[in-house]
Each structure stands twice: as structure tokens, then as C-alpha cells.
$ cat entry_4.txt   # compact mmCIF, C-alpha atoms
# COMPACT_ATOMS: atom_id res chain seq x y z
CA ASP N 23 -166.11 39.17 0.17
CA CYS N 24 -164.32 35.94 0.86
CA GLU N 25 -165.05 32.67 2.59
CA ILE N 26 -162.60 31.15 5.03
CA ASN N 27 -162.73 27.46 5.95
CA ALA N 28 -160.79 26.49 9.06
CA THR N 29 -160.33 23.22 10.90
CA PHE N 30 -159.50 23.37 14.56
CA LYS N 31 -157.58 20.46 16.08
CA GLU N 32 -158.15 19.50 19.69
CA GLN N 33 -155.16 20.47 21.80
CA GLN N 34 -153.48 17.37 23.20
CA GLU N 35 -151.79 17.36 26.56
CA THR N 36 -148.43 15.64 26.17
CA VAL N 37 -147.07 16.27 29.65
CA GLY N 38 -148.65 14.11 32.33
CA THR N 39 -149.27 10.50 33.35
CA PHE N 40 -151.33 8.22 31.17
CA ILE N 41 -151.83 4.63 29.99
CA ILE N 42 -151.13 3.49 26.45
CA GLY N 43 -152.81 0.26 25.36
CA ASN N 44 -155.79 -0.94 23.34
CA GLN N 45 -158.98 -1.59 25.27
CA ASP N 46 -160.74 -2.61 22.04
CA LEU N 47 -158.89 -5.92 22.37
CA TYR N 48 -159.31 -8.57 25.03
CA TYR N 49 -155.58 -9.05 25.20
CA ALA N 50 -153.13 -6.18 24.65
CA SER N 51 -150.18 -4.90 26.65
CA ALA N 52 -150.51 -1.64 28.59
CA TYR N 53 -147.76 0.73 29.71
CA THR N 54 -147.82 3.54 32.24
CA VAL N 55 -146.17 6.62 30.69
CA GLU N 56 -145.02 9.61 32.72
CA LEU N 57 -143.78 12.63 30.75
CA SER N 58 -142.45 15.73 32.53
CA GLU N 59 -142.00 19.28 31.22
CA ASP N 60 -138.19 18.95 31.31
CA ASN N 61 -138.40 16.10 28.72
CA THR N 62 -137.68 13.40 31.26
CA GLY N 63 -140.10 10.80 32.57
CA ALA N 64 -140.68 7.10 33.17
CA LEU N 65 -142.11 3.97 31.53
CA THR N 66 -143.62 1.11 33.53
CA TYR N 67 -144.39 -2.39 32.33
CA GLU N 68 -142.37 -5.33 33.70
CA GLY N 69 -140.53 -2.80 35.81
CA LYS N 70 -140.08 0.97 35.81
CA VAL N 71 -137.31 2.78 33.89
CA GLU N 72 -136.41 6.43 33.45
CA VAL N 73 -136.78 7.93 29.95
CA THR N 74 -136.15 11.05 27.91
CA TRP N 75 -138.63 12.21 25.28
CA THR N 76 -139.18 14.64 22.42
CA GLU N 77 -142.20 15.77 20.44
CA SER N 78 -142.13 16.93 16.81
CA ALA N 79 -144.22 19.72 15.29
CA GLU N 80 -146.48 16.99 13.85
CA GLY N 81 -147.13 15.60 17.34
CA VAL N 82 -144.92 12.51 17.01
CA ILE N 83 -143.57 11.55 20.45
CA GLU N 84 -140.29 9.66 20.71
CA ILE N 85 -139.49 8.02 24.06
CA THR N 86 -136.00 6.71 24.80
CA PRO N 87 -135.47 4.46 27.84
CA GLN N 88 -132.32 5.22 29.82
CA SER N 89 -131.94 1.59 30.93
CA ASP N 90 -133.23 -1.79 29.76
CA PHE N 91 -136.99 -1.61 29.11
CA VAL N 92 -137.70 -5.35 29.06
CA LEU N 93 -140.74 -6.44 27.04
CA GLN N 94 -140.45 -10.16 27.72
CA GLU N 95 -138.09 -12.85 28.97
CA TYR N 96 -138.48 -16.51 28.04
CA GLU N 97 -136.72 -19.74 27.13
CA SER N 98 -136.34 -20.42 23.40
CA PHE N 99 -134.62 -23.03 21.23
CA SER N 100 -131.43 -22.00 19.48
CA ASN N 101 -130.90 -23.58 16.06
CA SER N 102 -127.20 -22.79 16.24
CA THR N 103 -126.54 -24.56 19.56
CA GLY N 104 -129.41 -27.05 19.61
CA MET N 105 -130.17 -26.02 23.18
CA ASN N 106 -132.63 -23.82 25.03
CA VAL N 107 -131.36 -20.32 25.70
CA ALA N 108 -132.50 -17.43 27.92
CA THR N 109 -134.10 -14.94 25.53
CA LYS N 110 -134.85 -11.30 26.32
CA ASP N 111 -136.53 -8.62 24.16
CA ILE N 112 -135.62 -5.03 25.05
CA ALA N 113 -137.22 -1.89 23.58
CA THR N 114 -134.62 0.79 22.85
CA LYS N 115 -137.11 3.39 21.55
CA LEU N 116 -140.87 3.88 21.46
CA THR N 117 -142.52 6.17 18.90
CA LEU N 118 -146.12 7.42 19.18
CA THR N 119 -147.43 8.67 15.82
CA PRO N 120 -150.91 10.30 15.88
CA LEU N 121 -153.76 8.55 14.04
CA PRO N 122 -156.25 11.40 13.57
CA GLU N 123 -158.56 9.23 11.46
CA LYS N 124 -159.22 7.03 14.53
CA GLY N 125 -159.60 9.84 17.05
CA SER N 126 -157.69 12.43 19.00
CA ASN N 127 -156.12 9.98 21.45
CA TRP N 128 -155.11 7.21 19.02
CA TYR N 129 -151.52 6.52 17.99
CA GLU N 130 -149.43 4.00 16.16
CA LEU N 131 -146.92 2.68 18.67
CA GLY N 132 -143.64 1.75 17.05
CA ARG N 133 -141.01 -0.13 19.03
CA ASP N 134 -137.35 -0.58 18.17
CA ILE N 135 -136.38 -3.90 19.76
CA GLU N 136 -133.12 -5.71 20.45
CA GLN N 137 -133.23 -9.45 21.14
CA TYR N 138 -130.62 -11.12 23.34
CA GLN N 139 -129.95 -14.81 23.85
CA ASP N 140 -127.85 -15.65 26.89
CA ASP N 141 -127.01 -11.91 27.04
CA VAL N 142 -125.66 -11.87 23.45
CA LEU N 143 -127.34 -9.55 20.90
CA VAL N 144 -128.74 -11.80 18.13
CA ASP N 145 -131.39 -9.69 16.39
CA GLU N 146 -132.80 -6.20 15.94
CA TYR N 147 -136.31 -5.58 14.67
CA THR N 148 -139.29 -3.24 14.86
CA SER N 149 -142.95 -3.79 15.65
CA SER N 150 -145.95 -1.49 15.55
CA TYR N 151 -149.60 -1.58 16.51
CA GLU N 152 -152.42 0.81 17.36
CA VAL N 153 -152.88 2.12 20.88
CA SER N 154 -154.99 4.72 22.60
CA LYS N 155 -153.91 7.13 25.30
CA THR N 156 -156.13 7.17 28.36
CA THR N 157 -155.90 8.11 32.00
CA LEU N 158 -157.00 6.10 35.00
CA GLU N 159 -159.51 8.87 35.71
CA GLN N 160 -161.55 7.23 32.91
CA ARG N 161 -162.03 4.01 34.88
CA LEU N 162 -165.53 2.68 35.48
CA ALA N 163 -167.36 3.08 38.76
CA ILE N 164 -167.36 -0.07 40.92
CA ASN N 165 -168.24 -0.97 44.49
CA ALA N 166 -167.25 -3.85 46.74
CA ASN N 167 -170.50 -5.73 46.15
CA ASP N 168 -169.69 -5.87 42.44
CA MET N 169 -166.48 -7.76 43.14
CA VAL N 170 -167.41 -10.29 45.83
CA GLY N 171 -167.26 -13.84 44.47
CA GLU N 172 -165.08 -16.20 42.46
CA TRP N 173 -163.24 -14.94 39.38
CA SER N 174 -160.80 -16.01 36.70
CA VAL N 175 -158.12 -13.34 36.26
CA ASN N 176 -155.90 -13.46 33.18
CA LEU N 177 -153.25 -10.76 32.72
CA VAL N 178 -151.01 -10.21 29.69
CA GLY N 179 -147.81 -10.25 31.69
CA GLU N 180 -148.56 -13.50 33.54
CA ASN N 181 -147.96 -17.04 32.29
CA THR N 182 -150.94 -18.43 34.12
CA VAL N 183 -154.57 -17.84 35.05
CA TYR N 184 -155.55 -17.13 38.64
CA LYS N 185 -158.74 -18.35 40.26
CA VAL N 186 -159.38 -15.50 42.69
CA PHE N 187 -161.82 -15.48 45.61
CA PHE N 188 -162.93 -12.06 46.88
CA ASN N 189 -164.71 -12.65 50.18
CA ASP N 190 -167.25 -10.19 51.58
CA ASP N 191 -165.16 -9.70 54.75
CA GLY N 192 -162.32 -8.08 52.79
CA THR N 193 -160.13 -11.17 52.64
CA GLY N 194 -159.26 -13.19 49.57
CA VAL N 195 -157.22 -16.02 48.07
CA SER N 196 -155.44 -16.12 44.71
CA HIS N 197 -155.07 -19.67 43.36
CA ASN N 198 -152.57 -20.25 40.55
CA ILE N 199 -154.15 -22.95 38.35
CA SER N 200 -150.73 -23.86 36.89
CA ASP N 201 -148.64 -24.67 39.96
CA LEU N 202 -151.69 -24.95 42.29
CA SER N 203 -150.19 -22.50 44.79
CA ASP N 204 -152.33 -20.19 46.93
CA GLU N 205 -151.66 -16.68 48.21
CA SER N 206 -153.83 -14.82 50.70
CA PHE N 207 -154.56 -11.11 50.53
CA THR N 208 -156.84 -8.41 51.84
CA TRP N 209 -158.81 -6.11 49.57
CA GLN N 210 -160.99 -3.02 49.53
CA VAL N 211 -162.60 -0.73 46.97
CA THR N 212 -161.63 2.92 47.32
CA ASP N 213 -162.44 5.66 44.80
CA ASN N 214 -163.51 3.09 42.16
CA THR N 215 -160.22 1.24 42.58
CA MET N 216 -159.82 -2.28 43.93
CA VAL N 217 -156.68 -2.40 46.09
CA LEU N 218 -155.13 -5.75 47.01
CA ASN N 219 -152.51 -6.11 49.76
CA PHE N 220 -150.39 -9.27 49.95
CA PRO N 221 -148.95 -9.64 53.48
CA GLU N 222 -146.64 -12.55 52.59
CA ASP N 223 -144.38 -10.44 50.37
CA GLY N 224 -145.57 -6.92 51.18
CA GLY N 225 -146.83 -6.38 47.65
CA THR N 226 -149.79 -4.25 46.60
CA GLU N 227 -151.82 -4.25 43.41
CA SER N 228 -154.57 -1.92 42.19
CA PHE N 229 -157.28 -2.98 39.72
CA TYR N 230 -158.80 -0.28 37.49
CA VAL N 231 -161.86 -1.46 35.55
CA THR N 232 -161.85 -0.07 32.01
CA LYS N 233 -164.68 -1.97 30.29
CA ASP N 234 -167.73 -4.05 31.19
CA ILE N 235 -167.83 -7.29 29.15
CA ASN N 236 -171.12 -8.59 30.64
CA VAL N 237 -169.62 -11.60 32.44
CA GLY N 238 -166.73 -9.61 33.84
CA TYR N 239 -164.41 -6.73 33.13
CA GLN N 240 -161.36 -5.60 31.26
CA LEU N 241 -158.86 -3.94 33.53
CA VAL N 242 -155.52 -2.23 33.92
CA THR N 243 -153.43 -3.11 36.97
CA GLN N 244 -150.60 -1.28 38.70
CA GLY N 245 -148.58 -2.95 41.41
CA ILE N 246 -145.45 -2.89 43.54
CA PHE N 247 -143.74 -6.19 44.38
CA ASP N 248 -140.28 -6.50 45.92
CA GLY N 249 -139.84 -2.76 45.44
CA GLU N 250 -140.43 -2.98 41.67
CA HIS N 251 -143.29 -1.23 39.85
CA TYR N 252 -145.46 -3.05 37.31
CA THR N 253 -148.28 -2.21 34.89
CA ASP N 254 -150.43 -4.89 33.30
CA SER N 255 -153.81 -5.40 31.64
CA GLY N 256 -156.21 -8.22 30.95
CA ILE N 257 -159.65 -9.50 31.84
CA MET N 258 -161.42 -10.90 34.87
CA VAL N 259 -164.43 -13.17 34.35
CA ARG N 260 -166.90 -14.19 37.04
CA ARG N 261 -166.69 -17.99 37.25
CA ASN N 262 -169.86 -19.88 36.39
CA GLU N 263 -168.48 -23.22 35.25
CA GLN N 264 -170.53 -25.35 32.87
CA ALA N 265 -169.82 -28.85 31.63
CA ILE N 266 -168.43 -29.13 28.09
CA SER N 267 -170.06 -31.74 25.86
CA ALA N 268 -170.83 -32.33 22.21
CA ASP N 269 -174.24 -30.73 22.77
CA ASN N 270 -172.85 -27.30 23.62
CA PHE N 271 -169.37 -27.42 22.10
CA ALA N 272 -169.40 -29.25 18.77
CA GLY N 273 -169.31 -26.83 15.85
CA ARG N 274 -167.14 -24.06 14.49
CA HIS N 275 -165.60 -21.54 16.89
CA GLN N 276 -163.98 -18.21 16.15
CA PHE N 277 -161.32 -16.63 18.31
CA ARG N 278 -162.65 -13.12 18.78
CA ASP N 279 -160.38 -10.09 19.03
CA GLY N 280 -162.48 -8.03 21.42
CA HIS N 281 -165.82 -7.53 23.12
CA ASP N 282 -167.21 -4.78 20.88
CA ILE N 283 -165.64 -5.78 17.56
CA ASN N 284 -166.64 -8.58 15.21
CA SER N 285 -163.20 -9.51 13.89
CA HIS N 286 -161.52 -12.79 14.71
CA TRP N 287 -157.99 -14.04 14.16
CA ALA N 288 -158.49 -17.81 13.81
CA GLU N 289 -161.10 -20.57 13.77
CA VAL N 290 -161.38 -24.13 15.03
CA GLN N 291 -163.79 -26.95 14.18
CA ILE N 292 -164.81 -29.34 16.95
CA TYR N 293 -166.57 -32.53 15.90
CA GLN N 294 -169.16 -34.60 17.77
CA ASP N 295 -166.49 -37.01 19.02
CA GLY N 296 -164.34 -34.12 20.29
CA GLU N 297 -161.78 -34.18 17.49
CA VAL N 298 -160.25 -30.74 16.94
CA PHE N 299 -159.37 -29.32 13.53
CA PHE N 300 -157.64 -25.94 13.45
CA THR N 301 -157.75 -23.37 10.66
CA THR N 302 -154.96 -24.93 8.61
CA GLY N 303 -154.94 -28.55 9.73
CA THR N 304 -155.59 -31.14 12.39
CA SER N 305 -153.53 -31.76 15.52
CA SER N 306 -151.73 -34.86 16.80
CA TYR N 307 -153.16 -34.05 20.24
CA GLN N 308 -156.69 -35.52 20.29
CA LYS N 309 -159.01 -37.25 22.74
CA GLY N 310 -162.56 -35.96 23.20
CA PHE N 311 -165.14 -34.92 25.78
CA GLU N 312 -164.56 -36.29 29.27
CA ASP N 313 -165.83 -35.40 32.75
CA GLY N 314 -167.23 -32.05 31.61
CA HIS N 315 -164.05 -30.97 29.80
CA LEU N 316 -162.62 -31.08 26.31
CA ILE N 317 -159.33 -32.98 26.49
CA ARG N 318 -156.52 -33.34 23.97
CA ASP N 319 -153.49 -35.52 24.72
CA LEU N 320 -150.69 -37.46 23.05
CA TYR N 321 -149.22 -40.71 24.43
CA TYR N 322 -146.35 -42.79 23.01
CA ASP N 323 -145.47 -46.39 23.83
CA THR N 324 -141.91 -47.65 23.19
CA THR N 325 -142.32 -51.30 24.25
CA ASP N 326 -141.14 -52.58 20.85
CA GLY N 327 -138.36 -50.01 20.58
CA ASN N 328 -140.36 -47.69 18.32
CA TRP N 329 -142.35 -44.62 19.27
CA GLN N 330 -145.91 -45.82 18.72
CA ARG N 331 -148.83 -43.45 19.35
CA VAL N 332 -151.45 -45.00 21.63
CA ASP N 333 -154.72 -43.78 23.10
CA TRP N 334 -153.38 -44.22 26.65
CA CYS N 335 -150.63 -45.93 28.62
CA ASP N 336 -149.40 -45.96 32.22
CA VAL N 337 -146.84 -43.16 32.61
CA ALA N 338 -145.37 -45.03 35.59
CA LEU N 339 -143.82 -47.40 33.04
CA ASP N 340 -140.52 -46.50 31.41
CA THR N 341 -142.04 -47.39 28.04
CA CYS N 342 -144.90 -44.87 28.33
CA HIS N 343 -144.37 -41.22 27.46
CA LEU N 344 -146.95 -38.42 27.72
CA ALA N 345 -145.97 -35.74 25.23
CA GLY N 346 -148.64 -33.39 26.56
CA LYS N 347 -152.21 -32.98 27.71
CA PHE N 348 -154.60 -30.07 27.17
CA VAL N 349 -157.67 -29.67 29.40
CA TYR N 350 -160.28 -27.04 28.54
CA THR N 351 -162.76 -25.74 31.14
CA LEU N 352 -165.78 -23.58 30.30
CA VAL N 353 -165.80 -20.92 33.03
CA ALA N 354 -168.45 -18.49 31.70
CA VAL N 355 -170.94 -18.05 28.86
CA ASP N 356 -172.22 -14.78 27.44
CA GLY N 357 -174.69 -15.60 24.68
CA ASP N 358 -172.62 -17.24 21.98
CA ARG N 359 -169.29 -16.24 23.55
CA TYR N 360 -167.53 -18.88 25.60
CA TYR N 361 -164.75 -18.03 28.06
CA ILE N 362 -162.45 -21.02 28.38
CA GLU N 363 -159.47 -21.84 30.56
CA ARG N 364 -156.79 -24.18 29.28
CA THR N 365 -154.23 -26.09 31.33
CA ILE N 366 -151.35 -27.94 29.68
CA THR N 367 -149.33 -30.77 31.18
CA GLN N 368 -146.00 -31.24 29.44
CA GLY N 369 -143.94 -34.38 29.99
CA SER N 370 -144.44 -37.48 32.11
CA SER N 371 -144.14 -38.25 35.84
CA ALA N 372 -141.36 -36.27 37.55
CA GLU N 373 -140.71 -34.29 34.37
CA ALA N 374 -144.27 -33.03 34.17
CA GLN N 375 -144.85 -29.31 34.06
CA GLN N 376 -148.29 -27.70 34.08
CA ILE N 377 -148.99 -24.30 32.57
CA SER N 378 -152.24 -22.51 31.95
CA GLY N 379 -153.88 -19.76 29.99
CA TRP N 380 -156.91 -18.74 28.05
CA PRO N 381 -155.76 -20.54 24.86
CA GLY N 382 -154.18 -18.53 22.05
CA PRO N 383 -151.66 -15.69 21.92
CA GLY N 384 -152.13 -15.84 25.62
CA GLY N 385 -155.06 -17.79 26.90
CA LEU N 386 -158.86 -17.14 26.53
CA GLY N 387 -160.84 -19.47 24.39
CA PHE N 388 -158.66 -21.84 22.45
CA PRO N 389 -156.34 -18.89 22.30
CA LYS N 390 -156.13 -15.96 24.69
CA ARG N 391 -159.41 -14.59 23.47
CA ALA N 392 -163.05 -15.28 24.03
CA CYS N 393 -164.39 -17.93 21.70
CA CYS N 394 -167.61 -17.41 19.82
CA ARG N 395 -169.63 -20.35 18.56
CA THR N 396 -170.86 -20.19 14.96
CA LEU N 397 -172.62 -23.49 14.30
$ encode --input "entry_4.txt" --output "C-alpha cells"
Amino acid sequence: DCEINATFKEQQETVGTFIIGNQDLYYASAYTVELSEDNTGALTYEGKVEVTWTESAEGVIEITPQSDFVLQEYESFSNSTGMNVATKDIATKLTLTPLPEKGSNWYELGRDIEQYQDDVLVDEYTSSYEVSKTTLEQRLAINANDMVGEWSVNLVGENTVYKVFFNDDGTGVSHNISDLSDESFTWQVTDNTMVLNFPEDGGTESFYVTKDINVGYQLVTQGIFDGEHYTDSGIMVRRNEQAISADNFAGRHQFRDGHDINSHWAEVQIYQDGEVFFTTGTSSYQKGFEDGHLIRDLYYDTTDGNWQRVDWCDVALDTCHLAGKFVYTLVAVDGDRYYIERTITQGSSAEAQQISGWPGPGGLGFPKRACCRTL
């Protein structure tokens, strides 16, 4: 007689179309991955590129883009030239390594990245983080009545937050809170998918709800604009603005990583007078509570030839310079979790530029996360 112990592993389907991302987090990039039986396929993020792929006996999947798979483009400061340069990060290979201890559909996503400044290769590096593989068939059920109203929509791939109005007649308006522009659209819910059509540029975008966060949803989006395909992810929060004051905002706040997890990546202390103290130190941008917002700003006066910090000055004067202004708006509350929009004005008068986010590595809370009060 003998005893045989066997462990059976769930068979994973490699060929097909799926999303890789991390819905445990409020803010994590998502890619659409298409893998065909002939070891070709496509990747979609800030555009769609063709790929080739292989899979090892251990289930490690290597994906090689056949053209530039751009992760991000931005302006950065070059120490060598002392000027701003156009910076682009391009992934040359993606590797999905199974993480069986987390579950059958979890992987470590490794990315080999080349960084270019003004189209010159200046750096090569790798990054890795945990992702899960899902399909859009796993989206939550929604109906049109769920979506009617006013929302804040914050997506990973955008540099702003949109105040979006979904009207009950199937029309809507998307308001960019950074440049204050508006764009009209029509919308409908079909097969648990919200489809938006933008007549001005002929673009379409589909919202797939992946998680209920009580005051809104996490979602994955897929769109086509100017003939280019995009995949994005983020959150949408139903707007229910409340005034910020010392009574409801003074105390210690944590920047939470996700809706169902208790970890946080930073903290901030806000005092009764509105002074802000971050995890490692204070900030030169301070002001206080004003008109239902928390405001931080920094003014300089150069009347005497020196840069002297002042509480306020008239930016119409050549001697007054606004280094920047942060305005925080409380758009929703879920128990002790606060969802906060932040707008930033950089520069004075004609130089001024306004950007927005949900503060942090992107934008929600003081950073792009929800903020949880721990008095």
C-alpha cells in the first residue's frame, strides 16, 4: 500500500483578451492585453501597439512591443542643460511572473524601460509591481439610474480631474477643472457598460465598473480618440461637496492605498489654524481655512529688491510674485474617508497655469488617494 499526495493547479488561459492592473488600489495603471495563438498580439495604454509574446514552462509570460509602447510623456528639468526637456518613458519588454501565493490570476509585472529626453536615450531601468489579470466580463452590474448625477472622475492617464454631469435624458457635460473647458457628450448604459460619445471629435469611451467604493466606483475605461485606442483606470465619486473647516478637517490624515486595505503611504497633520505639516516636515506653502476650502499659497514681494515672503500682495504689481496656490475641495465623505480635489495655480498673472488632481501620486486626498482622518 502507498499514499499519493497530489496538488492540482488551475489551468490558466494565456490566449485571449484581458486587463492587467490592480483593483486593490485606488490609483494603478491598467493595460489591455491581447494574446493570440500565433504568439502575436497587442498592448493598449496611451495608444495601441502590436506585440510578440512567449510563455515559459513555469508560466512566465514575456511580451515584447514591436513599436514604442509609451508609458508617459512629460516635461522635466535637465541638470546638464539647466532647461526643461521633453521626457518620454518607453517600455521595451513586459514580464508577467505568476504569484501563486496571492492567487491564480496574480502576477508580478516587470517592465524594462528606456527614458528619452528630447529624443536622446539618457537612462535604462526596470520597475515591477503586483497586478491581477481580469476580463471585462467581471465588471459590476449597473443601470442608467445609478449613473445620473454629478461626479468627479479621476483617471490615471489624465493630468486633471473632470466634473462630469450625466443627465437623465442621455446627454452630459464633462468639465475640466484645470483649464475650465467643457465638452458635451451623449451617453447610455448597455450590457452593464456606460458608453460615452463625443460628437465634437468623434471619440467614444466605455466605462466598466470594477468595484463599488460606497460613494462611487473604481473603473476601467477603453476609448478611441482621433483613431487611437486607449485604456485607463481610476475612480469616479458622486459629488456631495461639504465645507472644509477646522471642525471637520483639523487632525491627522492618512493617505490610504485602497478601499478594502488598511495600508497607507503617507500622513499629514493639519492644525486648527490650517497649517499643514507633512510626514517629514512643514511646507513653505501655508494659509488656512477660507470660504469652505483649505488653501495653501506662497507670495513674494520684491519692493526692496529682495524676495520677501508675505501673506498676500497684489499680483498686478511687478513687485508681487505668486509662487503657487493650492485649493482643496471636499467632494465626498464616506465615514472617516474624505475624497478631496486639489487645484494648483502656478505663477502670477499671464504666466499662471492651473492644474488639478486628487493630491498625491496623482490626485485624491492630499495625494491621489482617499484620505482617512485619524484624530
$ residues_around --input "entry_4.txt" --residues "N:Ala268" --least-positions-apart "5" --cutoff "10 Å" --atoms "all atoms listed in the file" --output "number ranges by chain"
N: 273, 292-296, 310-311, 316
$ residues_around --input "entry_4.txt" --residues "N:Phe229" --least-positions-apart "6" --cutoff "7 Å" --atoms "only C-alpha atoms" --output "MDAnalysis selection string"
chainID N and resid 215:217 241:244
$ residues_near_point --input "entry_4.txt" --point "(-156.4, 8.6, 36.8)" --cutoff "12 Å" --atoms "all atoms listed in the file" --output "count of residues only"
23
$ closest_atom_pairs --input "entry_4.txt" --of "stretch 209-319 of chain N" --to "stretch 170-181 of chain N" --cutoff "12 Å" --atoms "all atoms listed in the file" --output "Markdown table"
| residue | atom | partner | partner_atom | distance |
| --- | --- | --- | --- | --- |
| N:Trp209 | CA | N:Val170 | CA | 10.3 |
| N:Gln210 | CA | N:Val170 | CA | 10.4 |
| N:Val211 | CA | N:Val170 | CA | 10.8 |
| N:Met216 | CA | N:Val170 | CA | 11.2 |
| N:Phe229 | CA | N:Val175 | CA | 11.0 |
| N:Val237 | CA | N:Trp173 | CA | 10.0 |
| N:Gly238 | CA | N:Trp173 | CA | 8.4 |
| N:Tyr239 | CA | N:Val175 | CA | 9.6 |
| N:Gln240 | CA | N:Leu177 | CA | 9.7 |
| N:Leu241 | CA | N:Leu177 | CA | 8.9 |
| N:Val242 | CA | N:Leu177 | CA | 8.9 |
| N:Thr243 | CA | N:Leu177 | CA | 8.8 |
| N:Gln244 | CA | N:Leu177 | CA | 11.5 |
| N:Tyr252 | CA | N:Gly179 | CA | 9.4 |
| N:Thr253 | CA | N:Gly179 | CA | 8.7 |
| N:Asp254 | CA | N:Gly179 | CA | 6.2 |
| N:Ser255 | CA | N:Leu177 | CA | 5.5 |
| N:Gly256 | CA | N:Leu177 | CA | 4.3 |
| N:Ile257 | CA | N:Asn176 | CA | 5.6 |
| N:Met258 | CA | N:Val175 | CA | 4.3 |
| N:Val259 | CA | N:Ser174 | CA | 5.2 |
| N:Arg260 | CA | N:Trp173 | CA | 4.4 |
| N:Arg261 | CA | N:Trp173 | CA | 5.1 |
| N:Asn262 | CA | N:Glu172 | CA | 8.6 |
| N:Glu263 | CA | N:Glu172 | CA | 10.6 |
$ closest_residue --input "entry_4.txt" --among "N:Ser100, N:Thr182, N:Thr208, N:Ser305" --to "N:Gly225" --atoms "all atoms listed in the file"
N:Thr208
$ residues_around --input "entry_4.txt" --residues "stretch 73-84 of chain N" --least-positions-apart "2" --cutoff "7 Å" --atoms "only C-alpha atoms" --output "number ranges by chain"
N: 61-65, 71, 86-88, 116-120
$ atom_distance --input "entry_4.txt" --atom1 "atom CA of N:Met105" --atom2 "atom CA of N:Ser149"
26.7 Å
$ closest_residue --input "entry_4.txt" --among "N:Leu320, N:Leu57, N:Ala272, N:Ile246" --to "N:Lys347" --atoms "only C-alpha atoms"
N:Leu320
$ atom_distance --input "entry_4.txt" --atom1 "atom CA of N:Tyr350" --atom2 "atom CA of N:Lys233"
25.5 Å
$ closest_residue --input "entry_4.txt" --among "N:Asn236, N:Val142, N:Thr226, N:Val37" --to "N:Gly357" --atoms "all atoms listed in the file"
N:Asn236
$ build_atoms --input "entry_4.txt" --residues "stretch 328-343 of chain N" --atoms "N, CA and C atoms" --output "PDB file, in the frame of the given file"
ATOM      1  N   ASN N 328    -139.924 -48.788  19.187  1.00  0.00           N
ATOM      2  CA  ASN N 328    -140.360 -47.690  18.320  1.00  0.00           C
ATOM      3  C   ASN N 328    -141.348 -46.807  19.065  1.00  0.00           C
ATOM      4  N   TRP N 329    -141.403 -45.546  18.657  1.00  0.00           N
ATOM      5  CA  TRP N 329    -142.350 -44.620  19.270  1.00  0.00           C
ATOM      6  C   TRP N 329    -143.705 -44.795  18.585  1.00  0.00           C
ATOM      7  N   GLN N 330    -144.600 -45.504  19.265  1.00  0.00           N
ATOM      8  CA  GLN N 330    -145.910 -45.820  18.720  1.00  0.00           C
ATOM      9  C   GLN N 330    -146.979 -45.013  19.449  1.00  0.00           C
ATOM     10  N   ARG N 331    -147.758 -44.216  18.699  1.00  0.00           N
ATOM     11  CA  ARG N 331    -148.830 -43.450  19.350  1.00  0.00           C
ATOM     12  C   ARG N 331    -149.925 -44.388  19.816  1.00  0.00           C
ATOM     13  N   VAL N 332    -150.385 -44.198  21.058  1.00  0.00           N
ATOM     14  CA  VAL N 332    -151.450 -45.000  21.630  1.00  0.00           C
ATOM     15  C   VAL N 332    -152.470 -44.074  22.270  1.00  0.00           C
ATOM     16  N   ASP N 333    -153.681 -44.593  22.479  1.00  0.00           N
ATOM     17  CA  ASP N 333    -154.720 -43.780  23.100  1.00  0.00           C
ATOM     18  C   ASP N 333    -154.393 -43.464  24.562  1.00  0.00           C
ATOM     19  N   TRP N 334    -153.753 -44.418  25.234  1.00  0.00           N
ATOM     20  CA  TRP N 334    -153.380 -44.220  26.650  1.00  0.00           C
ATOM     21  C   TRP N 334    -152.380 -45.282  27.042  1.00  0.00           C
ATOM     22  N   CYS N 335    -151.511 -44.950  27.991  1.00  0.00           N
ATOM     23  CA  CYS N 335    -150.630 -45.930  28.620  1.00  0.00           C
ATOM     24  C   CYS N 335    -150.305 -45.430  30.021  1.00  0.00           C
ATOM     25  N   ASP N 336    -149.710 -46.285  30.820  1.00  0.00           N
ATOM     26  CA  ASP N 336    -149.400 -45.960  32.220  1.00  0.00           C
ATOM     27  C   ASP N 336    -148.055 -45.248  32.278  1.00  0.00           C
ATOM     28  N   VAL N 337    -148.082 -43.953  32.626  1.00  0.00           N
ATOM     29  CA  VAL N 337    -146.840 -43.160  32.610  1.00  0.00           C
ATOM     30  C   VAL N 337    -145.868 -43.607  33.696  1.00  0.00           C
ATOM     31  N   ALA N 338    -146.305 -44.489  34.595  1.00  0.00           N
ATOM     32  CA  ALA N 338    -145.370 -45.030  35.590  1.00  0.00           C
ATOM     33  C   ALA N 338    -144.384 -45.988  34.944  1.00  0.00           C
ATOM     34  N   LEU N 339    -144.700 -46.487  33.752  1.00  0.00           N
ATOM     35  CA  LEU N 339    -143.820 -47.400  33.040  1.00  0.00           C
ATOM     36  C   LEU N 339    -142.793 -46.626  32.239  1.00  0.00           C
ATOM     37  N   ASP N 340    -141.585 -47.166  32.163  1.00  0.00           N
ATOM     38  CA  ASP N 340    -140.520 -46.500  31.410  1.00  0.00           C
ATOM     39  C   ASP N 340    -140.829 -46.458  29.916  1.00  0.00           C
ATOM     40  N   THR N 341    -141.723 -47.323  29.466  1.00  0.00           N
ATOM     41  CA  THR N 341    -142.040 -47.390  28.040  1.00  0.00           C
ATOM     42  C   THR N 341    -143.206 -46.486  27.643  1.00  0.00           C
ATOM     43  N   CYS N 342    -143.764 -45.757  28.612  1.00  0.00           N
ATOM     44  CA  CYS N 342    -144.900 -44.870  28.330  1.00  0.00           C
ATOM     45  C   CYS N 342    -144.453 -43.417  28.462  1.00  0.00           C
ATOM     46  N   HIS N 343    -144.791 -42.628  27.486  1.00  0.00           N
ATOM     47  CA  HIS N 343    -144.370 -41.220  27.460  1.00  0.00           C
ATOM     48  C   HIS N 343    -145.573 -40.348  27.101  1.00  0.00           C
TER      49      HIS N 343
END
